[in-house]
$ cat upload.tsv   # TSV, C-alpha atoms
chain	number	residue	atom	x	y	z
B	4	MET	CA	33.69	17.27	-10.61
B	5	ASN	CA	31.52	19.02	-8.02
B	6	ALA	CA	28.13	17.55	-7.11
B	7	ARG	CA	25.20	19.43	-8.58
B	8	ARG	CA	23.47	21.80	-6.17
B	9	HIS	CA	19.72	21.49	-6.64
B	10	SER	CA	17.38	24.47	-6.59
B	11	PHE	CA	14.67	24.69	-3.95
B	12	PHE	CA	12.10	23.56	-6.54
B	13	ASP	CA	14.31	20.61	-7.48
B	14	GLY	CA	14.48	19.78	-3.78
B	15	LEU	CA	10.69	19.79	-3.46
B	16	LEU	CA	10.33	17.35	-6.36
B	17	ILE	CA	13.02	15.09	-4.93
B	18	GLN	CA	11.38	15.09	-1.49
B	19	ALA	CA	7.96	14.33	-3.00
B	20	ASP	CA	9.42	11.33	-4.79
B	21	LYS	CA	11.13	10.10	-1.63
B	22	ALA	CA	7.93	10.55	0.38
B	23	LEU	CA	6.03	8.34	-2.06
B	24	ARG	CA	8.76	5.70	-1.97
B	25	THR	CA	8.73	5.75	1.84
B	26	LEU	CA	4.95	5.46	2.23
B	27	VAL	CA	4.15	3.00	-0.58
B	28	ALA	CA	4.40	-0.64	0.47
B	29	ASP	CA	7.43	-2.58	-0.86
B	30	ALA	CA	9.01	0.64	-2.14
B	31	PRO	CA	12.29	0.87	-0.18
B	32	SER	CA	15.26	-1.17	-1.41
B	33	PRO	CA	17.87	-1.77	1.31
B	34	GLU	CA	21.58	-1.57	0.64
B	35	ARG	CA	22.30	-4.19	3.31
B	36	SER	CA	20.70	-7.58	3.77
B	37	SER	CA	18.37	-7.89	6.74
B	38	PRO	CA	20.11	-9.03	9.95
B	39	ALA	CA	17.18	-11.43	10.35
B	40	ALA	CA	18.11	-13.37	7.21
B	41	GLY	CA	20.52	-15.71	8.99
B	42	ASN	CA	18.08	-16.61	11.77
B	43	ALA	CA	15.55	-19.41	11.60
B	44	GLU	CA	11.90	-18.62	12.31
B	45	GLN	CA	11.01	-19.92	15.76
B	46	PRO	CA	7.50	-20.91	16.91
B	47	LEU	CA	5.56	-18.08	18.55
B	48	SER	CA	2.18	-18.17	20.22
B	49	GLU	CA	-0.53	-15.98	18.71
B	50	VAL	CA	-0.14	-13.54	21.62
B	51	GLU	CA	3.64	-13.39	21.18
B	52	LYS	CA	3.33	-12.98	17.41
B	53	LYS	CA	0.82	-10.15	17.79
B	54	HIS	CA	3.00	-8.38	20.34
B	55	ALA	CA	6.16	-8.76	18.24
B	56	ALA	CA	4.30	-7.46	15.18
B	57	GLY	CA	3.09	-4.44	17.16
B	58	LEU	CA	6.61	-3.60	18.30
B	59	MET	CA	8.05	-3.97	14.80
B	60	ARG	CA	5.19	-1.85	13.43
B	61	VAL	CA	6.21	0.86	15.91
B	62	ASN	CA	9.81	0.56	14.73
B	63	HIS	CA	8.70	0.87	11.12
B	64	SER	CA	6.70	4.02	11.93
B	65	GLY	CA	9.78	5.39	13.68
B	66	GLU	CA	11.77	4.89	10.50
B	67	VAL	CA	9.06	6.63	8.47
B	68	CYS	CA	9.46	9.58	10.85
B	69	ALA	CA	13.24	9.43	10.50
B	70	GLN	CA	12.98	9.56	6.71
B	71	ALA	CA	10.67	12.58	6.90
B	72	LEU	CA	12.78	14.35	9.51
B	73	TYR	CA	16.00	13.98	7.53
B	74	GLN	CA	14.39	14.91	4.23
B	75	GLY	CA	12.77	18.01	5.72
B	76	GLN	CA	16.09	19.10	7.17
B	77	ALA	CA	17.90	18.39	3.92
B	78	LEU	CA	15.44	20.63	2.07
B	79	THR	CA	16.06	23.68	4.28
B	80	ALA	CA	19.64	23.17	5.52
B	81	LYS	CA	21.78	26.24	4.93
B	82	LEU	CA	25.16	24.55	4.49
B	83	PHE	CA	25.58	22.22	1.53
B	84	SER	CA	27.66	19.83	3.66
B	85	VAL	CA	24.86	19.54	6.23
B	86	ARG	CA	22.34	18.93	3.45
B	87	GLU	CA	24.49	16.11	2.10
B	88	ASP	CA	24.87	14.62	5.60
B	89	MET	CA	21.09	14.63	6.10
B	90	GLU	CA	20.47	12.96	2.76
B	91	GLN	CA	23.13	10.34	3.47
B	92	ALA	CA	21.61	9.60	6.88
B	93	ALA	CA	18.16	9.21	5.27
B	94	ASP	CA	19.61	6.75	2.75
B	95	GLU	CA	21.09	4.66	5.58
B	96	GLU	CA	17.74	4.63	7.40
B	97	ILE	CA	16.10	3.06	4.33
B	98	ASP	CA	17.67	-0.24	5.39
B	99	HIS	CA	15.82	-0.06	8.70
B	100	LEU	CA	12.58	0.87	6.98
B	101	ALA	CA	12.77	-2.12	4.63
B	102	TRP	CA	13.86	-4.57	7.33
B	103	CYS	CA	10.99	-3.60	9.63
B	104	GLU	CA	8.39	-3.73	6.87
B	105	GLU	CA	9.56	-7.19	5.84
B	106	ARG	CA	9.47	-8.46	9.43
B	107	VAL	CA	6.01	-7.05	10.12
B	108	LYS	CA	4.71	-8.96	7.10
B	109	GLN	CA	6.50	-12.14	8.14
B	110	LEU	CA	4.65	-11.89	11.44
B	111	GLY	CA	1.36	-11.76	9.54
B	112	SER	CA	0.59	-8.11	10.19
B	113	HIS	CA	0.68	-4.71	8.45
B	114	THR	CA	2.41	-1.37	8.78
B	115	SER	CA	0.61	1.49	10.52
B	116	VAL	CA	-2.18	3.28	8.66
B	117	LEU	CA	-1.05	6.44	10.47
B	118	ASN	CA	2.30	6.59	8.68
B	119	PRO	CA	1.29	9.38	6.26
B	120	LEU	CA	0.35	11.52	9.26
B	121	TRP	CA	3.64	10.80	11.03
B	122	TYR	CA	5.56	11.56	7.82
B	123	GLY	CA	3.87	14.92	7.34
B	124	LEU	CA	4.39	16.03	10.93
B	125	SER	CA	8.02	14.91	11.01
B	126	PHE	CA	8.81	16.52	7.66
B	127	GLY	CA	7.40	19.81	8.93
B	128	ILE	CA	9.45	19.63	12.13
B	129	GLY	CA	12.62	18.82	10.21
B	130	ALA	CA	12.12	21.59	7.68
B	131	THR	CA	11.41	24.12	10.45
B	132	ALA	CA	14.52	23.10	12.37
B	133	GLY	CA	16.59	23.47	9.22
B	134	LEU	CA	15.20	26.94	8.58
B	135	ILE	CA	16.16	28.10	12.06
B	136	SER	CA	19.76	26.89	12.02
B	137	ASP	CA	21.93	23.95	11.05
B	138	LYS	CA	23.17	23.60	14.63
B	139	LEU	CA	19.60	23.25	15.90
B	140	SER	CA	18.79	20.84	13.08
B	141	LEU	CA	21.75	18.59	13.92
B	142	GLY	CA	20.95	18.84	17.62
B	143	PHE	CA	17.39	17.72	16.91
B	144	VAL	CA	18.73	14.70	15.02
B	145	SER	CA	20.90	13.73	17.98
B	146	ALA	CA	18.07	14.15	20.51
B	147	THR	CA	15.66	12.21	18.29
B	148	GLU	CA	18.10	9.35	17.80
B	149	ASP	CA	18.63	9.21	21.57
B	150	GLN	CA	14.87	8.72	21.98
B	151	VAL	CA	14.88	6.04	19.30
B	152	CYS	CA	17.69	4.19	21.06
B	153	LYS	CA	15.71	4.15	24.30
B	154	HIS	CA	12.69	2.71	22.49
B	155	LEU	CA	14.80	0.05	20.81
B	156	GLN	CA	16.38	-0.95	24.12
B	157	SER	CA	12.92	-1.35	25.66
B	158	HIS	CA	11.81	-3.43	22.67
B	159	LEU	CA	14.71	-5.81	23.21
B	160	GLN	CA	13.34	-6.34	26.71
B	161	GLU	CA	9.78	-6.89	25.44
B	162	LEU	CA	10.29	-9.04	22.36
B	163	PRO	CA	9.80	-12.79	22.90
B	164	PRO	CA	13.22	-14.32	23.69
B	165	GLN	CA	12.85	-16.88	20.89
B	166	ASP	CA	12.06	-14.23	18.25
B	167	SER	CA	15.65	-14.08	17.05
B	168	LYS	CA	14.69	-12.51	13.73
B	169	SER	CA	13.10	-9.40	15.23
B	170	ARG	CA	15.81	-9.16	17.87
B	171	ALA	CA	18.58	-9.25	15.25
B	172	ILE	CA	16.96	-6.36	13.38
B	173	VAL	CA	16.51	-4.27	16.52
B	174	ASP	CA	20.10	-4.96	17.61
B	175	GLN	CA	21.49	-3.64	14.32
B	176	MET	CA	19.15	-0.66	14.32
B	177	LEU	CA	20.26	0.24	17.83
B	178	GLU	CA	23.91	0.21	16.75
B	179	ASP	CA	23.20	2.39	13.70
B	180	GLU	CA	20.98	4.91	15.52
B	181	SER	CA	23.53	5.37	18.29
B	182	ARG	CA	26.16	6.14	15.66
B	183	HIS	CA	23.87	8.67	13.96
B	184	ALA	CA	23.22	10.46	17.26
B	185	HIS	CA	26.94	10.76	17.98
B	186	ALA	CA	27.74	11.89	14.43
B	187	ALA	CA	25.15	14.70	14.59
B	188	LEU	CA	26.76	16.16	17.71
B	189	GLN	CA	30.23	15.77	16.23
B	190	ALA	CA	29.06	17.70	13.16
B	191	GLY	CA	28.19	20.70	15.35
B	192	GLY	CA	24.73	19.96	16.73
B	193	VAL	CA	23.66	21.58	19.99
B	194	GLU	CA	22.93	19.39	23.02
B	195	PHE	CA	19.24	19.77	23.88
B	196	PRO	CA	18.37	20.51	27.54
B	197	ALA	CA	16.63	17.84	29.64
B	198	PRO	CA	13.15	19.51	29.61
B	199	VAL	CA	13.12	19.52	25.80
B	200	LYS	CA	14.14	15.86	25.69
B	201	THR	CA	11.39	15.04	28.18
B	202	LEU	CA	8.80	16.72	25.96
B	203	MET	CA	10.12	14.82	22.94
B	204	SER	CA	9.83	11.59	24.92
B	205	LEU	CA	6.17	12.27	25.73
B	206	VAL	CA	5.36	12.94	22.08
B	207	SER	CA	7.23	9.80	21.06
B	208	LYS	CA	5.29	7.67	23.55
B	209	ALA	CA	1.98	8.96	22.19
B	210	MET	CA	3.02	8.01	18.65
B	211	THR	CA	4.20	4.61	19.86
B	212	LYS	CA	0.87	3.74	21.47
B	213	SER	CA	-1.05	4.68	18.32
B	214	SER	CA	1.22	2.82	15.90
B	215	TYR	CA	1.29	-0.30	18.08
B	216	ARG	CA	-2.47	-0.66	17.73
B	217	ILE	CA	-3.01	0.48	14.14

$ encode --input "upload.tsv" --output "structure tokens"
Amino acid sequence: MNARRHSFFDGLLIQADKALRTLVADAPSPERSSPAAGNAEQPLSEVEKKHAAGLMRVNHSGEVCAQALYQGQALTAKLFSVREDMEQAADEEIDHLAWCEERVKQLGSHTSVLNPLWYGLSFGIGATAGLISDKLSLGFVSATEDQVCKHLQSHLQELPPQDSKSRAIVDQMLEDESRHAHAALQAGGVEFPAPVKTLMSLVSKAMTKSSYRI
């Protein structure tokens, strides 16, 4: 039996529901257990705990953006197969969203109050990319995931060495995001030129600084 193809209006309702589930605390339900579950909580100084919480808050905001980006692209993708791929990728990113939210709370902090803003901006970018072309949309996914991988690698350098819980989460996220970037190019995405990636990096850094603080 073929999967049902939703109308554009159906898609809007589905995306609205997913937006609420992404932005409301405790909403996402991961398919996989958190990589942090098997690690014991190690003592952290107040400075280390605050820094780790800030980094994991940034990672959570990044996953909010990923959800919005994929959902926006799924709404406007021209090929049904691309739409399905975007929705599947968004489902996989829910694990990251839930893991990061849980870890931020374990560190005694909160997720960013700016997340609704990041979601709206990212959804708009994703939907616009999907309207232009599926190749551009997939290329944007790959370029975005490359930026995410660079951030995650830097976080592994910055996290306190004894914070094995946060490090386990970031390690698994890095593996998954790298796979998503490769899959988007394999599916037909265009490779973005260096100047575009540089601009994306600057925007990403601005978001990172804001989410780290609030």

$ closest_residue --input "upload.tsv" --among "B:Ser214, B:Pro38, B:Ile135, B:Val116" --to "Asn62 in chain B" --atoms "all atoms listed in the file"
B:Ser214

$ atom_distance --input "upload.tsv" --atom1 "CA of Thr211 in chain B" --atom2 "CA of Thr131 in chain B"
22.8 Å

$ atom_distance --input "upload.tsv" --atom1 "CA of Arg35 in chain B" --atom2 "CA of Gly191 in chain B"
28.3 Å

$ residues_around --input "upload.tsv" --residues "Gln74 in chain B" --least-positions-apart "2" --cutoff "9 Å" --atoms "only C-alpha atoms" --output "list in words"
Gln18, Lys21, Ala22, Ala69, Gln70, Ala71, Leu72, Gln76, Ala77, Leu78, Thr79, Arg86, Met89, Glu90, Ala93, Phe126, Gly129 and Ala130 of chain B

$ closest_residue --input "upload.tsv" --among "B:Cys103, B:Leu110, B:Ile217, B:Met59" --to "Pro33 in chain B" --atoms "all atoms listed in the file"
B:Cys103

$ closest_residue --input "upload.tsv" --among "B:Leu58, B:Lys138, B:Ser37, B:Tyr122" --to "Leu159 in chain B" --atoms "all atoms listed in the file"
B:Leu58

$ residues_around --input "upload.tsv" --residues "Pro163 in chain B" --least-positions-apart "4" --cutoff "12 Å" --atoms "all atoms listed in the file" --output "NGL selection string"
:B and (45-56 or 58 or 158-159 or 167-170)

$ residues_around --input "upload.tsv" --residues "range 185-189 of chain B" --least-positions-apart "2" --cutoff "7 Å" --atoms "all atoms listed in the file" --output "PyMOL selection string"
chain B and resi 141-142+144-145+181-183+191-193
